[in-house]
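Shown next: start21.pdb, containing PDB, C-alpha atoms.
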```pdb
ATOM      1  CA  MET A   1     100.798 106.733 112.939
ATOM      2  CA  TRP A   2     100.741 110.372 113.933
ATOM      3  CA  PHE A   3     102.989 111.567 111.111
ATOM      4  CA  LEU A   4     101.205 109.679 108.322
ATOM      5  CA  PRO A   5      97.797 110.999 107.132
ATOM      6  CA  GLU A   6      94.802 108.720 106.673
ATOM      7  CA  GLU A   7      94.918 108.964 102.877
ATOM      8  CA  ALA A   8      98.427 107.461 102.926
ATOM      9  CA  LYS A   9      96.920 104.142 104.020
ATOM     10  CA  ASP A  10      95.603 103.633 100.482
ATOM     11  CA  LEU A  11      99.148 103.345  99.117
ATOM     12  CA  PRO A  12     100.788  99.920  98.845
ATOM     13  CA  PRO A  13     103.309  99.224 101.606
ATOM     14  CA  PRO A  14     106.987  99.718 100.742
ATOM     15  CA  SER A  15     109.432  96.850 100.663
ATOM     16  CA  LEU A  16     110.924  95.824 103.991
ATOM     17  CA  PHE A  17     114.365  95.961 102.402
ATOM     18  CA  ASN A  18     114.816  99.542 101.260
ATOM     19  CA  ILE A  19     117.688 102.000 101.311
ATOM     20  CA  ASN A  20     116.276 104.167 104.115
ATOM     21  CA  SER A  21     115.895 101.190 106.449
ATOM     22  CA  ALA A  22     119.357  99.886 105.670
ATOM     23  CA  TRP A  23     120.981 103.299 106.073
ATOM     24  CA  LEU A  24     119.271 104.143 109.363
ATOM     25  CA  ALA A  25     119.885 100.660 110.775
ATOM     26  CA  PHE A  26     123.569 100.944 109.878
ATOM     27  CA  SER A  27     123.781 104.440 111.359
ATOM     28  CA  ALA A  28     122.071 103.414 114.609
ATOM     29  CA  GLY A  29     124.299 100.349 114.965
ATOM     30  CA  LEU A  30     127.361 102.458 114.290
ATOM     31  CA  ALA A  31     126.202 104.990 116.891
ATOM     32  CA  SER A  32     125.860 102.191 119.436
ATOM     33  CA  MET A  33     129.389 100.971 118.696
ATOM     34  CA  PHE A  34     130.702 104.531 118.827
ATOM     35  CA  HIS A  35     129.090 104.980 122.245
ATOM     36  CA  ASN A  36     130.917 101.853 123.468
ATOM     37  CA  ALA A  37     134.204 103.142 122.065
ATOM     38  CA  ILE A  38     133.801 106.517 123.788
ATOM     39  CA  ASN A  39     133.219 104.740 127.120
ATOM     40  CA  HIS A  40     136.416 102.671 126.625
ATOM     41  CA  LYS A  41     134.579  99.387 126.115
ATOM     42  CA  PRO A  42     135.220  96.923 123.304
ATOM     43  CA  PRO A  43     132.904  98.250 120.574
ATOM     44  CA  LEU A  44     131.763  94.901 119.163
ATOM     45  CA  LYS A  45     131.871  92.704 122.280
ATOM     46  CA  SER A  46     130.099  94.767 124.922
ATOM     47  CA  GLY A  47     126.507  95.848 124.704
ATOM     48  CA  VAL A  48     125.477  93.465 121.923
ATOM     49  CA  HIS A  49     121.894  93.732 123.137
ATOM     50  CA  ARG A  50     122.041  97.518 122.617
ATOM     51  CA  LEU A  51     123.587  97.045 119.191
ATOM     52  CA  VAL A  52     120.752  94.728 118.140
ATOM     53  CA  LEU A  53     118.148  97.040 119.672
ATOM     54  CA  MET A  54     119.526 100.166 118.003
ATOM     55  CA  THR A  55     119.809  98.405 114.648
ATOM     56  CA  THR A  56     116.213  97.200 114.910
ATOM     57  CA  ILE A  57     114.961 100.651 115.878
ATOM     58  CA  GLY A  58     116.880 102.161 112.958
ATOM     59  CA  TRP A  59     115.308  99.642 110.564
ATOM     60  CA  TYR A  60     111.824 100.400 111.930
ATOM     61  CA  VAL A  61     112.263 104.162 111.655
ATOM     62  CA  GLY A  62     113.694 103.787 108.133
ATOM     63  CA  TYR A  63     110.663 101.762 107.051
ATOM     64  CA  HIS A  64     108.267 104.461 108.258
ATOM     65  CA  VAL A  65     110.380 107.216 106.729
ATOM     66  CA  THR A  66     110.049 105.356 103.414
ATOM     67  CA  LYS A  67     106.269 105.192 103.876
ATOM     68  CA  ARG A  68     106.210 108.935 104.462
ATOM     69  CA  GLU A  69     108.434 109.507 101.429
ATOM     70  CA  HIS A  70     106.157 107.431  99.184
ATOM     71  CA  TYR A  71     103.142 109.375 100.424
ATOM     72  CA  HIS A  72     104.877 112.698  99.784
ATOM     73  CA  TYR A  73     105.800 111.833  96.197
ATOM     74  CA  ALA A  74     102.365 110.310  95.508
ATOM     75  CA  LYS A  75     100.739 113.533  96.709
ATOM     76  CA  ILE A  76     102.975 115.635  94.455
ATOM     77  CA  GLU A  77     102.197 113.399  91.486
ATOM     78  CA  ARG A  78      98.462 113.555  92.214
ATOM     79  CA  ASP A  79      98.589 117.354  92.369
ATOM     80  CA  MET A  80     100.510 117.556  89.076
ATOM     81  CA  LYS A  81      97.999 115.302  87.322
ATOM     82  CA  GLU A  82      95.160 117.382  88.728
ATOM     83  CA  TYR A  83      96.793 120.565  87.439
ATOM     84  CA  ILE A  84      97.271 119.031  83.990
ATOM     85  CA  LYS A  85      93.583 118.040  83.935
ATOM     86  CA  LEU A  86      92.487 121.549  84.908
ATOM     87  CA  HIS A  87      94.791 123.331  82.440
ATOM     88  CA  PRO A  88      95.044 121.175  79.304
ATOM     89  CA  ASP A  89      95.783 124.190  77.099
ATOM     90  CA  ASN A  90      99.176 124.586  78.805
ATOM     91  CA  PHE A  91     100.125 120.997  77.938
ATOM     92  CA  VAL A  92      99.363 120.643  74.249
ATOM     93  CA  ALA A  93     100.919 117.597  72.597
ATOM     94  CA  LYS A  94     103.545 118.549  70.059
ATOM     95  CA  ASP A  95     103.606 117.034  66.597
ATOM     96  CA  LYS A  96     106.129 114.230  66.306
ATOM     97  CA  ARG A  97     109.028 114.709  63.947
ATOM     98  CA  THR A  98     111.538 112.183  62.778
ATOM     99  CA  PHE A  99     115.233 112.526  63.475
ATOM    100  CA  ALA A 100     115.878 113.195  59.784
ATOM    101  CA  GLU A 101     113.610 116.240  59.880
ATOM    102  CA  ILE A 102     115.527 117.710  62.833
ATOM    103  CA  VAL A 103     119.104 117.151  61.631
ATOM    104  CA  GLU A 104     120.522 118.861  58.557
ATOM    105  CA  PRO A 105     121.450 116.541  55.703
ATOM    106  CA  PHE A 106     125.054 115.324  55.775
ATOM    107  CA  ILE A 107     127.125 116.179  52.668
ATOM    108  CA  PRO A 108     130.729 115.016  52.889
ATOM    109  CA  ILE A 109     133.355 117.407  51.498
ATOM    110  CA  ARG A 110     136.417 116.036  49.674
TER
END
```
Could you write out this file's structure as structure tokens?
Amino acid sequence: MWFLPEEAKDLPPPSLFNINSAWLAFSAGLASMFHNAINHKPPLKSGVHRLVLMTTIGWYVGYHVTKREHYHYAKIERDMKEYIKLHPDNFVAKDKRTFAEIVEPFIPIR
């Protein structure tokens, strides 16, 4: 794919049923029905082949958008981990305190 770099092929493939695919398939199908309605045709009865085609194209595009999204977030996470490795003094682990050490002691007043 022209919009997906070679290093993105190392990532696991996304699920076929994801929110981007469902949303774009729904939007493309709705656009096909809207086109029928504008042309004064019955929206659900005419052009069923176009409705199926547009829905399928929307699902396909949504799948590849999800692949691109996963690559983008994996790249950001890789860069953050690299930065943390290069600058460990900026990310010193804090000493753990219990909740009782943080909160003031409770003394009820009569």
| So, counting only C-alpha atoms, which residue among A:Leu53, A:Leu16, A:Leu4, A:Ile102 is closest to Gly29 (chain A)? | A:Leu53
| request: Do a neighbour search on Asn36 (chain A) at 12 Å with all atoms listed in the file, toss out local chain neighbours closer than 3 positions, and write the hits as an NGL selection string. | output: :A and (29-33 or 39-48 or 50-51)
For His72 (chain A), list every protein, DNA or RNA residue within 12 Å, evaluated using only C-alpha atoms, and leave out those in the same chain fewer than 2 positions away; present the list as a PDB file with C-alpha atoms, keeping the file's coordinate frame.
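Everything below was put into selection_36.pdb:
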```
ATOM      1  CA  PHE A   3     102.989 111.567 111.111  1.00  0.00           C
ATOM      2  CA  LEU A   4     101.205 109.679 108.322  1.00  0.00           C
ATOM      3  CA  PRO A   5      97.797 110.999 107.132  1.00  0.00           C
ATOM      4  CA  GLU A   7      94.918 108.964 102.877  1.00  0.00           C
ATOM      5  CA  ALA A   8      98.427 107.461 102.926  1.00  0.00           C
ATOM      6  CA  LEU A  11      99.148 103.345  99.117  1.00  0.00           C
ATOM      7  CA  VAL A  65     110.380 107.216 106.729  1.00  0.00           C
ATOM      8  CA  THR A  66     110.049 105.356 103.414  1.00  0.00           C
ATOM      9  CA  LYS A  67     106.269 105.192 103.876  1.00  0.00           C
ATOM     10  CA  ARG A  68     106.210 108.935 104.462  1.00  0.00           C
ATOM     11  CA  GLU A  69     108.434 109.507 101.429  1.00  0.00           C
ATOM     12  CA  HIS A  70     106.157 107.431  99.184  1.00  0.00           C
ATOM     13  CA  ALA A  74     102.365 110.310  95.508  1.00  0.00           C
ATOM     14  CA  LYS A  75     100.739 113.533  96.709  1.00  0.00           C
ATOM     15  CA  ILE A  76     102.975 115.635  94.455  1.00  0.00           C
ATOM     16  CA  GLU A  77     102.197 113.399  91.486  1.00  0.00           C
ATOM     17  CA  ARG A  78      98.462 113.555  92.214  1.00  0.00           C
ATOM     18  CA  ASP A  79      98.589 117.354  92.369  1.00  0.00           C
TER      19      ASP A  79
END
```
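Separating CA of Asn20 (chain A) from CA of Tyr73 (chain A) is a distance of 15.2 Å.
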I would like the residues chosen by the PyMOL selection byres ((chain A and resi 57) around 12) on the shown file; could you give them as a short mmCIF file (atom, residue, chain, number, x, y, z; two decimals) with C-alpha atoms, keeping the file's coordinate frame?
```cif
data_model
loop_
_atom_site.label_atom_id
_atom_site.label_comp_id
_atom_site.auth_asym_id
_atom_site.auth_seq_id
_atom_site.Cartn_x
_atom_site.Cartn_y
_atom_site.Cartn_z
CA SER A 21 115.90 101.19 106.45
CA ALA A 22 119.36 99.89 105.67
CA TRP A 23 120.98 103.30 106.07
CA LEU A 24 119.27 104.14 109.36
CA ALA A 25 119.88 100.66 110.78
CA PHE A 26 123.57 100.94 109.88
CA SER A 27 123.78 104.44 111.36
CA ALA A 28 122.07 103.41 114.61
CA GLY A 29 124.30 100.35 114.96
CA SER A 32 125.86 102.19 119.44
CA ARG A 50 122.04 97.52 122.62
CA LEU A 51 123.59 97.04 119.19
CA VAL A 52 120.75 94.73 118.14
CA LEU A 53 118.15 97.04 119.67
CA MET A 54 119.53 100.17 118.00
CA THR A 55 119.81 98.40 114.65
CA THR A 56 116.21 97.20 114.91
CA GLY A 58 116.88 102.16 112.96
CA TRP A 59 115.31 99.64 110.56
CA TYR A 60 111.82 100.40 111.93
CA VAL A 61 112.26 104.16 111.66
CA GLY A 62 113.69 103.79 108.13
CA TYR A 63 110.66 101.76 107.05
CA HIS A 64 108.27 104.46 108.26
#
```
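The interatomic distance for the pair CA of Ala93 (chain A) and CA of Pro105 (chain A) works out to 26.6 Å.
Taking CA of His87 (chain A) and CA of Glu6 (chain A) as the two end points, the separation is 28.3 Å.
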Provide chain A of the preceding structure as a file containing C-alpha atoms, as a CSV table (one decimal), in the first residue's frame.
```
chain,number,residue,atom,x,y,z
A,1,MET,CA,0.0,0.0,0.0
A,2,TRP,CA,1.3,3.4,-0.9
A,3,PHE,CA,0.2,5.1,2.3
A,4,LEU,CA,1.5,2.4,4.7
A,5,PRO,CA,5.3,2.3,5.2
A,6,GLU,CA,7.2,-1.0,5.1
A,7,GLU,CA,7.9,-1.1,8.8
A,8,ALA,CA,4.1,-1.2,9.4
A,9,LYS,CA,4.0,-4.7,8.0
A,10,ASP,CA,5.6,-6.0,11.2
A,11,LEU,CA,2.5,-5.0,13.2
A,12,PRO,CA,-0.3,-7.6,13.7
A,13,PRO,CA,-3.3,-7.0,11.4
A,14,PRO,CA,-6.3,-5.3,13.0
A,15,SER,CA,-9.6,-7.0,13.5
A,16,LEU,CA,-11.9,-7.1,10.5
A,17,PHE,CA,-14.7,-5.8,12.7
A,18,ASN,CA,-13.6,-2.5,14.0
A,19,ILE,CA,-15.2,0.9,14.5
A,20,ASN,CA,-13.6,2.6,11.5
A,21,SER,CA,-14.8,-0.1,9.1
A,22,ALA,CA,-18.3,0.0,10.5
A,23,TRP,CA,-18.5,3.7,10.5
A,24,LEU,CA,-17.2,4.2,6.9
A,25,ALA,CA,-19.3,1.3,5.6
A,26,PHE,CA,-22.4,2.9,7.2
A,27,SER,CA,-21.5,6.3,5.9
A,28,ALA,CA,-20.9,5.1,2.3
A,29,GLY,CA,-24.1,3.1,2.3
A,30,LEU,CA,-26.0,6.1,3.6
A,31,ALA,CA,-24.4,8.3,0.9
A,32,SER,CA,-25.6,5.8,-1.7
A,33,MET,CA,-29.1,5.9,-0.4
A,34,PHE,CA,-29.0,9.7,-0.2
A,35,HIS,CA,-27.9,9.8,-3.8
A,36,ASN,CA,-31.0,7.8,-4.7
A,37,ALA,CA,-33.2,10.0,-2.7
A,38,ILE,CA,-31.8,13.2,-4.4
A,39,ASN,CA,-32.6,11.6,-7.8
A,40,HIS,CA,-36.2,10.9,-6.8
A,41,LYS,CA,-35.7,7.1,-6.7
A,42,PRO,CA,-36.7,4.8,-3.9
A,43,PRO,CA,-33.7,4.9,-1.6
A,44,LEU,CA,-33.7,1.3,-0.5
A,45,LYS,CA,-35.2,-0.4,-3.6
A,46,SER,CA,-33.2,1.1,-6.5
A,47,GLY,CA,-29.5,0.7,-6.9
A,48,VAL,CA,-29.0,-2.2,-4.4
A,49,HIS,CA,-25.9,-3.1,-6.3
A,50,ARG,CA,-24.4,0.4,-5.7
A,51,LEU,CA,-25.5,0.2,-2.0
A,52,VAL,CA,-23.6,-3.1,-1.6
A,53,LEU,CA,-20.6,-1.8,-3.5
A,54,MET,CA,-20.4,1.4,-1.6
A,55,THR,CA,-20.7,-0.4,1.7
A,56,THR,CA,-18.0,-2.8,0.8
A,57,ILE,CA,-15.7,0.0,-0.3
A,58,GLY,CA,-16.4,1.8,2.9
A,59,TRP,CA,-15.5,-1.3,4.9
A,60,TYR,CA,-12.3,-1.8,2.9
A,61,VAL,CA,-11.2,1.8,3.4
A,62,GLY,CA,-12.0,1.7,7.1
A,63,TYR,CA,-9.9,-1.4,7.5
A,64,HIS,CA,-6.9,0.3,6.0
A,65,VAL,CA,-7.5,3.5,7.9
A,66,THR,CA,-7.3,1.3,11.1
A,67,LYS,CA,-4.1,-0.2,9.9
A,68,ARG,CA,-2.7,3.3,9.4
A,69,GLU,CA,-3.9,4.3,12.8
A,70,HIS,CA,-2.3,1.4,14.5
A,71,TYR,CA,1.0,2.1,12.8
A,72,HIS,CA,0.8,5.8,13.8
A,73,TYR,CA,0.2,5.0,17.5
A,74,ALA,CA,2.9,2.3,17.5
A,75,LYS,CA,5.4,4.7,16.1
A,76,ILE,CA,4.5,7.3,18.8
A,77,GLU,CA,4.9,4.7,21.5
A,78,ARG,CA,8.2,3.5,20.1
A,79,ASP,CA,9.5,7.0,20.0
A,80,MET,CA,8.4,7.6,23.6
A,81,LYS,CA,10.1,4.5,24.8
A,82,GLU,CA,13.2,5.5,22.9
A,83,TYR,CA,13.2,8.9,24.6
A,84,ILE,CA,12.8,7.3,28.0
A,85,LYS,CA,15.7,5.0,27.4
A,86,LEU,CA,17.9,7.9,26.3
A,87,HIS,CA,16.9,10.2,29.2
A,88,PRO,CA,16.4,8.0,32.3
A,89,ASP,CA,17.2,10.9,34.6
A,90,ASN,CA,14.0,12.7,33.6
A,91,PHE,CA,11.9,9.6,34.6
A,92,VAL,CA,13.1,8.7,38.0
A,93,ALA,CA,10.8,6.3,39.9
A,94,LYS,CA,9.2,7.9,42.9
A,95,ASP,CA,9.1,6.2,46.3
A,96,LYS,CA,5.8,4.6,47.0
A,97,ARG,CA,3.7,5.9,49.8
A,98,THR,CA,0.7,4.4,51.4
A,99,PHE,CA,-2.7,6.1,51.4
A,100,ALA,CA,-2.4,6.6,55.2
A,101,GLU,CA,0.9,8.6,54.7
A,102,ILE,CA,-0.8,11.0,52.2
A,103,VAL,CA,-4.1,11.7,54.1
A,104,GLU,CA,-4.2,13.5,57.4
A,105,PRO,CA,-5.5,11.4,60.3
A,106,PHE,CA,-9.2,11.7,60.9
A,107,ILE,CA,-10.2,12.9,64.4
A,108,PRO,CA,-14.0,13.2,64.8
A,109,ILE,CA,-15.2,16.3,66.7
A,110,ARG,CA,-18.2,16.0,69.1
```
